[in-house]
Amino acid sequence: YSTRAYSVQEMSENTEIEQKFQDAKAYLLQSSTKSGDNVYDHLAKVLTRLLTERPTDAVDVLEDISRLEKKEKFVSKTDTIIDKPEKSTETKLAEIQRGLYIREGEEEENIGDMDESETPLPNLLELSYYFEQAGVGIGREETYRIWLALKQLVEKYALESIRFWGKVFGIEQNYYVAELKFQEGKDEEEPEEEEEAEEAEKEESEENEEEDPVPKSTFKAPAQAPKELYGTGSNKYVYYVCNAPGKPWTRLPNVTPSQISGARKIRKYLTGRLDAPVVSYPPFPGNEASYLRAQIARISAGTHISPIGYYKFDEEGEAEGEEDGGRDSFIQNEEFEGLPSRELIDTANWVHHVLHILPQGRTKWWNPSQKGDDDPEIGEEEEEKEEPDMPEPEVGPQLLTPLTEDFEIDGQPAWTARSSSNLVTQFACAYVRSNLWPGAFAFGTEKKFENIYVGWGQKYSVDNLNPVLPPLPQSEYVSGPEITETEDPTVLQEEALKKAQETSGDGEEEQSDEDKVEADEDEDDED
Amino acid sequence: MGIESNRLLVDIENLAFSGVVLSIEQRAALQTSLTITREQYKFSKIYFWGKILGTKDDYFVAVGVGENELKNRRFLYSHDCIRWKLLNPPNEEHFNKLKIVKGRFTGDPSHEFECKTYRLVGEGEEEHLEEDITLLKEEDRLAAVIKSIESEALVVPRSAFILQPTGQVVRNRLFEGLSVNEAAKFGNYFHFRDAILLEQKSPLFRADLDKAVDFLDPINEDQPEGCWSLQFERGSALALLKSLKWPGASFFHVPETSSFGFSYFGVGEENKDIPFML
């Protein structure tokens, strides 16, 4: 307040301006009904912030600062009451993964005892370095964690070989897949052969032999190809998966041929939970664990390759005695001298080393009409009916065939081979990627090579999925004379029949009299 | 949008969980070449967009933006990350042909794809199908595919971009990231394209939205339902959003920080079977 004397007019003007000022200020100080804030305080805060932070081009971000101030005003006061905040999922996972880094029961003396040169663990970091050159992989830190997780598996089981197979994406979670081979006889969970199905069949056939036999259904489920023996064909390796390195590994069940052929007919994304059902048509026999295993089997069969000459057939083996002419075993070629990267860029220098899966779902042809010994009862019935034609044996490409023999996709090659670097070609490695299974890669350099899969687990197809149509309805019963409807004879037909009987009856009078009497009686009855 | 060129080395590591990996040589080359290209074409920012795999050769794609990030986008492609060529924007005809064309990209920009359309000719008994074969150049197909991916699979977090009163869409400099809870909701991610779904909503709904921030379509109503996969890696320290409609399109965001990015590494074809697969 100034203390100088005013003229009356000035005073009234001043008071008017003062009044307006007070009005304006009072208006600005009005608290909002919603937030309890008022313009005056808010502007004061905004300007304070501007002056302390001094951003460039402040006028352009003015609205944002204003918004931020409003947001920051609402700081919950209840924090002081909560004494222990819940651990974030980040910390939980970090603690699980910390277990990877700790070696249990560690003592200084034991380290010298461990024979480190014979561990089946691959040098994953080195392999991932090569894959990185090729533009494939999952990041170095993640690869290292997987390496430690694989090490855990090595320490837990007695393994002959172990490999990181790849990463399969799922909608909710991803899968990291490891390919193992147990040492002979060391696998504790080796599955037993299934002999239960035969017993069930025998029970059923005993029930329906009393009274009038209900027409039996002639539906015969097509004979299922038996599972490939553990240790051979598509069940050569055992697969373990986990959702994140550090989390426990789960074993996947061995794959059956029906699962493989089922997986070929559907396209489904994986959810990330092994027990999730696979809802599809035709119904997939199994849950997501089986579907994942079937896809792994298909991808391995289709895309696992090695440089030519790295593996060779076992010359001394019993390859001659096999009827089908296929060889299904190979050994590593010790005399392999390595191929320079230049030559590995040519797809003719790579070969498949996993058996192709036949349409039947197995790698070795199984003849479904060879059933004689198993079911004697059903065998007899079959002989009465016509036997189906002997199915043709299915053949697939032999083992160790080069990639150039693979089918083309829509006129384009199934594989693309490139060099990892155009600038430093002396040290570049060659890498090959599949066009049929996007995500399947292999790299090769001199003597080293490796396969990996990083992707969604789906095959590439040019056309859209054509889902399998439902089958035609089957006939319910065999049509035969006892159940076919015949038309009732018309009156004319009956009279014609009677006349025919009368004329035939004249030849034998006695009988005809009786017939006539009968006929008369019949007529009387009819009347 | 994609991965900003000056943050390329840091951000590309975050996408490694999705299988997106660049070799050292490519990273080094990209750093150099993108900077030069930005100067050359006078872009205000240049982003590395992704890689489209072909059977013989691959395309690396970059996008340069002007002042308005939503409207002024130009695409470039390269085979070796060093020499970049500008792509012409696609027109309506290219999009139509894109729906029909089949087969993988070859890697040769002048390759021509055959698009077969059939039409009925003749009346009554003389009806027969006639094939119309039109050609689509690979370069045009590339431009159309990139545009489709941008419109259907490119996402940005909410309030990362704001609409200024002048109509410009610019990066929000005060964006501090979504919280972990917010990052788990699909409604907080927006398509980075001209809003289509938003226009169809009632004005009553739109009145409640913050016009500076909510001017783009959220992805939570995309059809078919469930076509986005949201995962957290490293616990909750990294949110990864993958599109199931365009397999290979991945977006990452580190919650509570302003770091986010998008990239496409794939074959460049839409997943048309997605209704069967979910």
# chains A, B, ... in the order shown; residues from 1 in each chain; ligands from 1
>>> interface_residues(of="chain A", to="chain B", cutoff="6 Å", atoms="only C-alpha atoms", output="VMD selection string")
chain A and resid 89 to 90 93 132 to 133 135 to 139 171 267 to 269 416 462
>>> write_last_selection(atoms="all heavy atoms", output="tab-separated table (two decimals), in the first residue's frame")
chain	number	residue	atom	x	y	z
A	89	THR	N	7.87	-58.62	-10.43
A	89	THR	CA	8.18	-59.86	-11.13
A	89	THR	C	9.61	-59.86	-11.63
A	89	THR	O	10.23	-60.90	-11.83
A	89	THR	CB	7.24	-60.05	-12.35
A	89	THR	OG1	7.06	-58.79	-12.96
A	89	THR	CG2	5.92	-60.60	-11.89
A	90	GLU	N	10.15	-58.68	-11.81
A	90	GLU	CA	11.53	-58.62	-12.29
A	90	GLU	C	12.47	-59.22	-11.25
A	90	GLU	O	13.35	-60.01	-11.57
A	90	GLU	CB	11.90	-57.16	-12.55
A	90	GLU	CG	13.28	-57.00	-13.15
A	90	GLU	CD	13.61	-55.55	-13.38
A	90	GLU	OE1	12.74	-54.70	-13.15
A	90	GLU	OE2	14.75	-55.28	-13.77
A	93	LEU	N	12.12	-63.06	-11.02
A	93	LEU	CA	12.82	-63.79	-12.07
A	93	LEU	C	14.32	-63.72	-11.85
A	93	LEU	O	15.04	-64.69	-12.03
A	93	LEU	CB	12.47	-63.23	-13.44
A	93	LEU	CG	13.08	-64.04	-14.57
A	93	LEU	CD1	12.42	-65.39	-14.65
A	93	LEU	CD2	12.95	-63.33	-15.89
A	132	GLU	N	25.54	-64.94	-34.79
A	132	GLU	CA	25.33	-63.50	-34.82
A	132	GLU	C	25.83	-62.91	-36.12
A	132	GLU	O	25.24	-62.00	-36.68
A	132	GLU	CB	26.07	-62.88	-33.64
A	132	GLU	CG	25.54	-61.54	-33.23
A	132	GLU	CD	26.37	-60.94	-32.11
A	132	GLU	OE1	26.89	-61.74	-31.30
A	132	GLU	OE2	26.51	-59.72	-32.08
A	133	GLN	N	26.94	-63.47	-36.62
A	133	GLN	CA	27.44	-62.99	-37.90
A	133	GLN	C	26.39	-63.19	-38.98
A	133	GLN	O	26.28	-62.42	-39.92
A	133	GLN	CB	28.68	-63.79	-38.33
A	133	GLN	CG	29.81	-63.77	-37.36
A	133	GLN	CD	30.40	-62.40	-37.26
A	133	GLN	OE1	30.75	-61.80	-38.26
A	133	GLN	NE2	30.48	-61.88	-36.07
A	135	GLY	N	23.24	-63.11	-38.49
A	135	GLY	CA	22.01	-62.37	-38.25
A	135	GLY	C	20.93	-63.22	-37.62
A	135	GLY	O	19.75	-63.00	-37.84
A	136	VAL	N	21.34	-64.19	-36.82
A	136	VAL	CA	20.37	-65.10	-36.20
A	136	VAL	C	20.71	-65.18	-34.73
A	136	VAL	O	21.88	-65.15	-34.38
A	136	VAL	CB	20.54	-66.53	-36.76
A	136	VAL	CG1	19.65	-67.50	-36.06
A	136	VAL	CG2	20.28	-66.52	-38.22
A	137	GLY	N	19.73	-65.35	-33.89
A	137	GLY	CA	20.10	-65.62	-32.51
A	137	GLY	C	19.18	-64.94	-31.54
A	137	GLY	O	18.12	-64.42	-31.90
A	138	ILE	N	19.55	-64.97	-30.29
A	138	ILE	CA	18.69	-64.40	-29.27
A	138	ILE	C	19.44	-63.52	-28.29
A	138	ILE	O	19.06	-63.41	-27.17
A	138	ILE	CB	17.98	-65.53	-28.51
A	138	ILE	CG1	18.97	-66.60	-28.10
A	138	ILE	CG2	16.89	-66.14	-29.33
A	138	ILE	CD1	18.34	-67.63	-27.23
A	139	GLY	N	20.50	-62.94	-28.69
A	139	GLY	CA	21.13	-62.02	-27.75
A	139	GLY	C	22.16	-62.74	-26.89
A	139	GLY	O	21.95	-63.85	-26.42
A	171	ILE	N	2.42	-67.47	-27.63
A	171	ILE	CA	1.66	-66.25	-27.44
A	171	ILE	C	1.89	-65.68	-26.05
A	171	ILE	O	2.12	-64.50	-25.87
A	171	ILE	CB	0.17	-66.51	-27.68
A	171	ILE	CG1	-0.03	-66.96	-29.12
A	171	ILE	CG2	-0.63	-65.26	-27.42
A	171	ILE	CD1	-1.45	-67.16	-29.50
A	267	ARG	N	-2.69	-75.77	-38.35
A	267	ARG	CA	-1.77	-74.68	-38.08
A	267	ARG	C	-2.25	-74.00	-36.81
A	267	ARG	O	-3.35	-73.48	-36.77
A	267	ARG	CB	-1.79	-73.68	-39.24
A	267	ARG	CG	-0.75	-73.93	-40.29
A	267	ARG	CD	-0.99	-73.02	-41.47
A	267	ARG	NE	-0.35	-71.74	-41.33
A	267	ARG	CZ	0.90	-71.48	-41.70
A	267	ARG	NH1	1.63	-72.42	-42.21
A	267	ARG	NH2	1.40	-70.27	-41.55
A	268	LYS	N	-1.41	-74.04	-35.83
A	268	LYS	CA	-1.81	-73.44	-34.56
A	268	LYS	C	-0.62	-72.74	-33.95
A	268	LYS	O	0.50	-73.24	-34.03
A	268	LYS	CB	-2.25	-74.55	-33.60
A	268	LYS	CG	-3.71	-74.92	-33.71
A	268	LYS	CD	-4.53	-73.85	-33.07
A	268	LYS	CE	-5.96	-74.22	-32.88
A	268	LYS	NZ	-6.70	-73.09	-32.31
A	269	TYR	N	-0.88	-71.61	-33.32
A	269	TYR	CA	0.19	-70.99	-32.56
A	269	TYR	C	0.30	-71.66	-31.20
A	269	TYR	O	-0.68	-72.11	-30.63
A	269	TYR	CB	-0.11	-69.50	-32.33
A	269	TYR	CG	0.29	-68.61	-33.48
A	269	TYR	CD1	-0.62	-67.75	-34.07
A	269	TYR	CD2	1.60	-68.60	-33.95
A	269	TYR	CE1	-0.25	-66.92	-35.10
A	269	TYR	CE2	1.96	-67.78	-35.00
A	269	TYR	CZ	1.05	-66.94	-35.56
A	269	TYR	OH	1.41	-66.12	-36.59
A	416	THR	N	18.32	-70.96	-48.84
A	416	THR	CA	19.11	-69.81	-49.29
A	416	THR	C	20.43	-69.84	-48.56
A	416	THR	O	20.45	-69.93	-47.33
A	416	THR	CB	18.38	-68.50	-48.93
A	416	THR	OG1	17.09	-68.53	-49.46
A	416	THR	CG2	19.12	-67.32	-49.48
A	462	VAL	N	2.68	-71.29	-49.49
A	462	VAL	CA	2.33	-70.20	-50.40
A	462	VAL	C	0.84	-69.93	-50.33
A	462	VAL	O	0.39	-68.80	-50.30
A	462	VAL	CB	2.74	-70.57	-51.82
A	462	VAL	CG1	2.40	-69.44	-52.76
A	462	VAL	CG2	4.21	-70.85	-51.88
>>> select_by_dssp(residues="range 36-236 of chain B", states="strand (DSSP E)", output="ChimeraX atom specification")
/B:45-52,59-65,73-78,85-86,112-121,128-137,155-157,161-163,169-171,189-191,228-233
>>> residues_around(residues="Glu131 in chain B", least_positions_apart="4", cutoff="8 Å", atoms="only C-alpha atoms", output="count of residues only")
4
>>> select_by_dssp(residues="range 20-252 of chain B", states="helix (DSSP H, G or I)", output="NGL selection string")
:B and (24-41 or 92-100 or 124-126 or 138-153 or 180-183 or 186-188 or 197-200 or 203-207 or 219-221)
>>> closest_residue(among="B:Lys51, B:His253, B:Lys97, B:His128", to="Gly177 in chain B", atoms="only C-alpha atoms")
B:His253
>>> residues_around(residues="Phe336 in chain A", least_positions_apart="3", cutoff="7 Å", atoms="only C-alpha atoms", output="number ranges by chain")
A: 309-310, 333
>>> closest_residue(among="B:Arg7, B:Arg171, B:Ala249, B:Ala239", to="Val61 in chain A", atoms="only C-alpha atoms")
B:Arg171
>>> atom_distance(atom1="CA of Ala134 in chain A", atom2="CA of Gln40 in chain B")
29.6 Å
>>> atom_distance(atom1="CA of Ile305 in chain A", atom2="CA of Lys448 in chain A")
12.3 Å
>>> residues_around(residues="Ile146 in chain B", least_positions_apart="3", cutoff="9 Å", atoms="only C-alpha atoms", output="ChimeraX atom specification")
/B:61,75,141-143,149-151,268
>>> residues_around(residues="Gly261 in chain B", least_positions_apart="5", cutoff="8 Å", atoms="only C-alpha atoms", output="PyMOL selection string")
chain B and resi 1-4+11+156+251-253
>>> residues_around(residues="Ile46 in chain B", least_positions_apart="5", cutoff="9 Å", atoms="only C-alpha atoms", output="ChimeraX atom specification")
/B:1-6,34-35,37-38,62-66
>>> write_last_selection(atoms="N, CA, C and O atoms", output="short mmCIF file (atom, residue, chain, number, x, y, z; two decimals), in the first residue's frame")
data_model
loop_
_atom_site.label_atom_id
_atom_site.label_comp_id
_atom_site.auth_asym_id
_atom_site.auth_seq_id
_atom_site.Cartn_x
_atom_site.Cartn_y
_atom_site.Cartn_z
N MET B 1 8.02 -45.51 -38.20
CA MET B 1 8.90 -45.43 -37.03
C MET B 1 9.66 -46.72 -36.95
O MET B 1 9.30 -47.69 -37.57
N GLY B 2 10.67 -46.74 -36.21
CA GLY B 2 11.46 -47.96 -36.11
C GLY B 2 12.42 -47.82 -34.95
O GLY B 2 11.99 -47.53 -33.84
N ILE B 3 13.67 -47.98 -35.21
CA ILE B 3 14.67 -47.75 -34.18
C ILE B 3 15.48 -46.56 -34.60
O ILE B 3 16.06 -46.55 -35.68
N GLU B 4 15.52 -45.59 -33.75
CA GLU B 4 16.21 -44.37 -34.15
C GLU B 4 17.68 -44.63 -34.40
O GLU B 4 18.31 -45.39 -33.68
N SER B 5 18.21 -43.98 -35.38
CA SER B 5 19.56 -44.34 -35.81
C SER B 5 20.59 -44.01 -34.75
O SER B 5 21.59 -44.70 -34.61
N ASN B 6 20.35 -42.96 -33.96
CA ASN B 6 21.39 -42.65 -32.98
C ASN B 6 21.29 -43.52 -31.74
O ASN B 6 22.12 -43.44 -30.87
N LEU B 34 23.28 -44.56 -42.31
CA LEU B 34 22.04 -43.87 -42.00
C LEU B 34 22.31 -42.39 -41.73
O LEU B 34 21.51 -41.52 -42.10
N THR B 35 23.41 -42.11 -41.10
CA THR B 35 23.73 -40.71 -40.84
C THR B 35 23.92 -39.95 -42.15
O THR B 35 23.41 -38.85 -42.34
N THR B 37 22.74 -40.76 -45.07
CA THR B 37 21.49 -40.66 -45.82
C THR B 37 20.60 -39.59 -45.25
O THR B 37 19.87 -38.90 -45.98
N ARG B 38 20.65 -39.45 -43.95
CA ARG B 38 19.81 -38.42 -43.34
C ARG B 38 20.19 -37.04 -43.84
O ARG B 38 19.34 -36.21 -44.17
N ALA B 62 14.79 -48.62 -44.23
CA ALA B 62 14.91 -47.49 -43.29
C ALA B 62 13.82 -46.50 -43.63
O ALA B 62 13.30 -46.47 -44.75
N VAL B 63 13.45 -45.71 -42.66
CA VAL B 63 12.43 -44.70 -42.92
C VAL B 63 12.92 -43.36 -42.39
O VAL B 63 13.43 -43.27 -41.28
N GLY B 64 12.77 -42.36 -43.21
CA GLY B 64 13.16 -41.02 -42.80
C GLY B 64 11.91 -40.18 -42.60
O GLY B 64 10.96 -40.29 -43.37
N VAL B 65 11.90 -39.38 -41.55
CA VAL B 65 10.71 -38.58 -41.28
C VAL B 65 11.04 -37.11 -41.32
O VAL B 65 12.17 -36.70 -41.06
N GLY B 66 10.02 -36.35 -41.64
CA GLY B 66 10.17 -34.90 -41.62
C GLY B 66 9.64 -34.37 -40.31
O GLY B 66 9.71 -35.00 -39.28
#
>>> atom_distance(atom1="CA of Glu142 in chain A", atom2="CA of Leu125 in chain A")
10.3 Å
>>> decode(residues="range 184-197 of chain B", atoms="all heavy atoms", output="PDB file, in the first residue's frame")
ATOM      1  N   ALA B 184       1.106 -53.506 -19.373  1.00  0.00           N
ATOM      2  CA  ALA B 184       0.505 -54.820 -19.568  1.00  0.00           C
ATOM      3  C   ALA B 184      -0.835 -54.731 -20.260  1.00  0.00           C
ATOM      4  O   ALA B 184      -1.428 -55.746 -20.592  1.00  0.00           O
ATOM      5  CB  ALA B 184       0.336 -55.513 -18.217  1.00  0.00           C
ATOM      6  N   LYS B 185      -1.321 -53.515 -20.499  1.00  0.00           N
ATOM      7  CA  LYS B 185      -2.646 -53.384 -21.105  1.00  0.00           C
ATOM      8  C   LYS B 185      -2.507 -53.029 -22.570  1.00  0.00           C
ATOM      9  O   LYS B 185      -1.763 -52.128 -22.937  1.00  0.00           O
ATOM     10  CB  LYS B 185      -3.434 -52.265 -20.416  1.00  0.00           C
ATOM     11  CG  LYS B 185      -3.675 -52.527 -18.974  1.00  0.00           C
ATOM     12  CD  LYS B 185      -4.862 -51.711 -18.464  1.00  0.00           C
ATOM     13  CE  LYS B 185      -4.994 -51.933 -16.981  1.00  0.00           C
ATOM     14  NZ  LYS B 185      -4.612 -50.759 -16.201  1.00  0.00           N
ATOM     15  N   PHE B 186      -3.269 -53.706 -23.398  1.00  0.00           N
ATOM     16  CA  PHE B 186      -3.202 -53.434 -24.825  1.00  0.00           C
ATOM     17  C   PHE B 186      -3.709 -52.049 -25.168  1.00  0.00           C
ATOM     18  O   PHE B 186      -3.323 -51.463 -26.170  1.00  0.00           O
ATOM     19  CB  PHE B 186      -4.033 -54.456 -25.600  1.00  0.00           C
ATOM     20  CG  PHE B 186      -3.391 -55.803 -25.666  1.00  0.00           C
ATOM     21  CD1 PHE B 186      -3.933 -56.871 -24.991  1.00  0.00           C
ATOM     22  CD2 PHE B 186      -2.238 -55.991 -26.400  1.00  0.00           C
ATOM     23  CE1 PHE B 186      -3.339 -58.111 -25.050  1.00  0.00           C
ATOM     24  CE2 PHE B 186      -1.646 -57.241 -26.457  1.00  0.00           C
ATOM     25  CZ  PHE B 186      -2.194 -58.310 -25.784  1.00  0.00           C
ATOM     26  N   GLY B 187      -4.582 -51.517 -24.334  1.00  0.00           N
ATOM     27  CA  GLY B 187      -5.173 -50.226 -24.671  1.00  0.00           C
ATOM     28  C   GLY B 187      -4.180 -49.089 -24.617  1.00  0.00           C
ATOM     29  O   GLY B 187      -4.469 -47.990 -25.078  1.00  0.00           O
ATOM     30  N   ASN B 188      -3.001 -49.347 -24.081  1.00  0.00           N
ATOM     31  CA  ASN B 188      -2.017 -48.284 -23.987  1.00  0.00           C
ATOM     32  C   ASN B 188      -1.063 -48.245 -25.155  1.00  0.00           C
ATOM     33  O   ASN B 188      -0.075 -47.527 -25.122  1.00  0.00           O
ATOM     34  CB  ASN B 188      -1.200 -48.449 -22.699  1.00  0.00           C
ATOM     35  CG  ASN B 188      -1.995 -47.993 -21.498  1.00  0.00           C
ATOM     36  OD1 ASN B 188      -2.705 -47.023 -21.575  1.00  0.00           O
ATOM     37  ND2 ASN B 188      -1.880 -48.723 -20.413  1.00  0.00           N
ATOM     38  N   TYR B 189      -1.324 -49.065 -26.147  1.00  0.00           N
ATOM     39  CA  TYR B 189      -0.475 -49.042 -27.330  1.00  0.00           C
ATOM     40  C   TYR B 189      -1.332 -48.603 -28.509  1.00  0.00           C
ATOM     41  O   TYR B 189      -2.450 -49.047 -28.662  1.00  0.00           O
ATOM     42  CB  TYR B 189       0.112 -50.434 -27.603  1.00  0.00           C
ATOM     43  CG  TYR B 189       1.009 -50.912 -26.491  1.00  0.00           C
ATOM     44  CD1 TYR B 189       0.544 -51.789 -25.535  1.00  0.00           C
ATOM     45  CD2 TYR B 189       2.319 -50.452 -26.396  1.00  0.00           C
ATOM     46  CE1 TYR B 189       1.358 -52.219 -24.516  1.00  0.00           C
ATOM     47  CE2 TYR B 189       3.131 -50.877 -25.373  1.00  0.00           C
ATOM     48  CZ  TYR B 189       2.651 -51.760 -24.441  1.00  0.00           C
ATOM     49  OH  TYR B 189       3.457 -52.175 -23.434  1.00  0.00           O
ATOM     50  N   PHE B 190      -0.772 -47.756 -29.305  1.00  0.00           N
ATOM     51  CA  PHE B 190      -1.536 -47.192 -30.412  1.00  0.00           C
ATOM     52  C   PHE B 190      -0.911 -47.590 -31.735  1.00  0.00           C
ATOM     53  O   PHE B 190       0.300 -47.727 -31.864  1.00  0.00           O
ATOM     54  CB  PHE B 190      -1.525 -45.662 -30.342  1.00  0.00           C
ATOM     55  CG  PHE B 190      -2.313 -45.096 -29.200  1.00  0.00           C
ATOM     56  CD1 PHE B 190      -2.049 -43.825 -28.746  1.00  0.00           C
ATOM     57  CD2 PHE B 190      -3.320 -45.811 -28.592  1.00  0.00           C
ATOM     58  CE1 PHE B 190      -2.777 -43.289 -27.697  1.00  0.00           C
ATOM     59  CE2 PHE B 190      -4.053 -45.285 -27.550  1.00  0.00           C
ATOM     60  CZ  PHE B 190      -3.771 -44.012 -27.105  1.00  0.00           C
ATOM     61  N   HIS B 191      -1.785 -47.701 -32.730  1.00  0.00           N
ATOM     62  CA  HIS B 191      -1.299 -47.811 -34.100  1.00  0.00           C
ATOM     63  C   HIS B 191      -0.758 -46.468 -34.530  1.00  0.00           C
ATOM     64  O   HIS B 191      -1.373 -45.442 -34.267  1.00  0.00           O
ATOM     65  CB  HIS B 191      -2.455 -48.162 -35.034  1.00  0.00           C
ATOM     66  CG  HIS B 191      -2.835 -49.593 -34.996  1.00  0.00           C
ATOM     67  ND1 HIS B 191      -2.099 -50.574 -35.596  1.00  0.00           N
ATOM     68  CD2 HIS B 191      -3.888 -50.217 -34.441  1.00  0.00           C
ATOM     69  CE1 HIS B 191      -2.678 -51.743 -35.405  1.00  0.00           C
ATOM     70  NE2 HIS B 191      -3.771 -51.562 -34.706  1.00  0.00           N
ATOM     71  N   PHE B 192       0.317 -46.468 -35.242  1.00  0.00           N
ATOM     72  CA  PHE B 192       0.871 -45.198 -35.691  1.00  0.00           C
ATOM     73  C   PHE B 192       0.433 -44.949 -37.125  1.00  0.00           C
ATOM     74  O   PHE B 192       1.204 -45.073 -38.068  1.00  0.00           O
ATOM     75  CB  PHE B 192       2.404 -45.249 -35.580  1.00  0.00           C
ATOM     76  CG  PHE B 192       3.031 -43.897 -35.561  1.00  0.00           C
ATOM     77  CD1 PHE B 192       2.660 -42.961 -34.627  1.00  0.00           C
ATOM     78  CD2 PHE B 192       4.001 -43.564 -36.489  1.00  0.00           C
ATOM     79  CE1 PHE B 192       3.242 -41.713 -34.612  1.00  0.00           C
ATOM     80  CE2 PHE B 192       4.595 -42.314 -36.471  1.00  0.00           C
ATOM     81  CZ  PHE B 192       4.202 -41.393 -35.534  1.00  0.00           C
ATOM     82  N   ARG B 193      -0.810 -44.637 -37.274  1.00  0.00           N
ATOM     83  CA  ARG B 193      -1.356 -44.386 -38.610  1.00  0.00           C
ATOM     84  C   ARG B 193      -2.521 -43.427 -38.427  1.00  0.00           C
ATOM     85  O   ARG B 193      -2.961 -43.172 -37.314  1.00  0.00           O
ATOM     86  CB  ARG B 193      -1.839 -45.690 -39.239  1.00  0.00           C
ATOM     87  CG  ARG B 193      -2.926 -46.328 -38.426  1.00  0.00           C
ATOM     88  CD  ARG B 193      -3.687 -47.415 -39.086  1.00  0.00           C
ATOM     89  NE  ARG B 193      -4.827 -47.740 -38.230  1.00  0.00           N
ATOM     90  CZ  ARG B 193      -5.215 -48.956 -37.935  1.00  0.00           C
ATOM     91  NH1 ARG B 193      -4.580 -49.989 -38.415  1.00  0.00           N
ATOM     92  NH2 ARG B 193      -6.237 -49.165 -37.155  1.00  0.00           N
ATOM     93  N   ASP B 194      -3.063 -42.937 -39.528  1.00  0.00           N
ATOM     94  CA  ASP B 194      -4.234 -42.072 -39.422  1.00  0.00           C
ATOM     95  C   ASP B 194      -5.368 -42.827 -38.753  1.00  0.00           C
ATOM     96  O   ASP B 194      -5.675 -43.950 -39.119  1.00  0.00           O
ATOM     97  CB  ASP B 194      -4.693 -41.641 -40.827  1.00  0.00           C
ATOM     98  CG  ASP B 194      -3.651 -40.749 -41.457  1.00  0.00           C
ATOM     99  OD1 ASP B 194      -2.946 -40.046 -40.697  1.00  0.00           O
ATOM    100  OD2 ASP B 194      -3.529 -40.757 -42.685  1.00  0.00           O
ATOM    101  N   ALA B 195      -5.981 -42.206 -37.796  1.00  0.00           N
ATOM    102  CA  ALA B 195      -6.961 -42.915 -36.973  1.00  0.00           C
ATOM    103  C   ALA B 195      -8.167 -43.320 -37.795  1.00  0.00           C
ATOM    104  O   ALA B 195      -8.794 -42.501 -38.440  1.00  0.00           O
ATOM    105  CB  ALA B 195      -7.386 -42.025 -35.820  1.00  0.00           C
ATOM    106  N   ILE B 196      -8.474 -44.616 -37.757  1.00  0.00           N
ATOM    107  CA  ILE B 196      -9.650 -45.091 -38.486  1.00  0.00           C
ATOM    108  C   ILE B 196     -10.741 -45.453 -37.500  1.00  0.00           C
ATOM    109  O   ILE B 196     -11.877 -45.032 -37.601  1.00  0.00           O
ATOM    110  CB  ILE B 196      -9.305 -46.345 -39.319  1.00  0.00           C
ATOM    111  CG1 ILE B 196      -8.086 -46.078 -40.184  1.00  0.00           C
ATOM    112  CG2 ILE B 196     -10.490 -46.763 -40.143  1.00  0.00           C
ATOM    113  CD1 ILE B 196      -7.573 -47.303 -40.867  1.00  0.00           C
ATOM    114  N   LEU B 197     -10.347 -46.277 -36.499  1.00  0.00           N
ATOM    115  CA  LEU B 197     -11.360 -46.763 -35.566  1.00  0.00           C
ATOM    116  C   LEU B 197     -11.866 -45.645 -34.677  1.00  0.00           C
ATOM    117  O   LEU B 197     -13.003 -45.650 -34.244  1.00  0.00           O
ATOM    118  CB  LEU B 197     -10.753 -47.857 -34.684  1.00  0.00           C
ATOM    119  CG  LEU B 197     -10.296 -49.106 -35.420  1.00  0.00           C
ATOM    120  CD1 LEU B 197      -9.576 -50.021 -34.471  1.00  0.00           C
ATOM    121  CD2 LEU B 197     -11.469 -49.812 -36.034  1.00  0.00           C
TER     122      LEU B 197
END
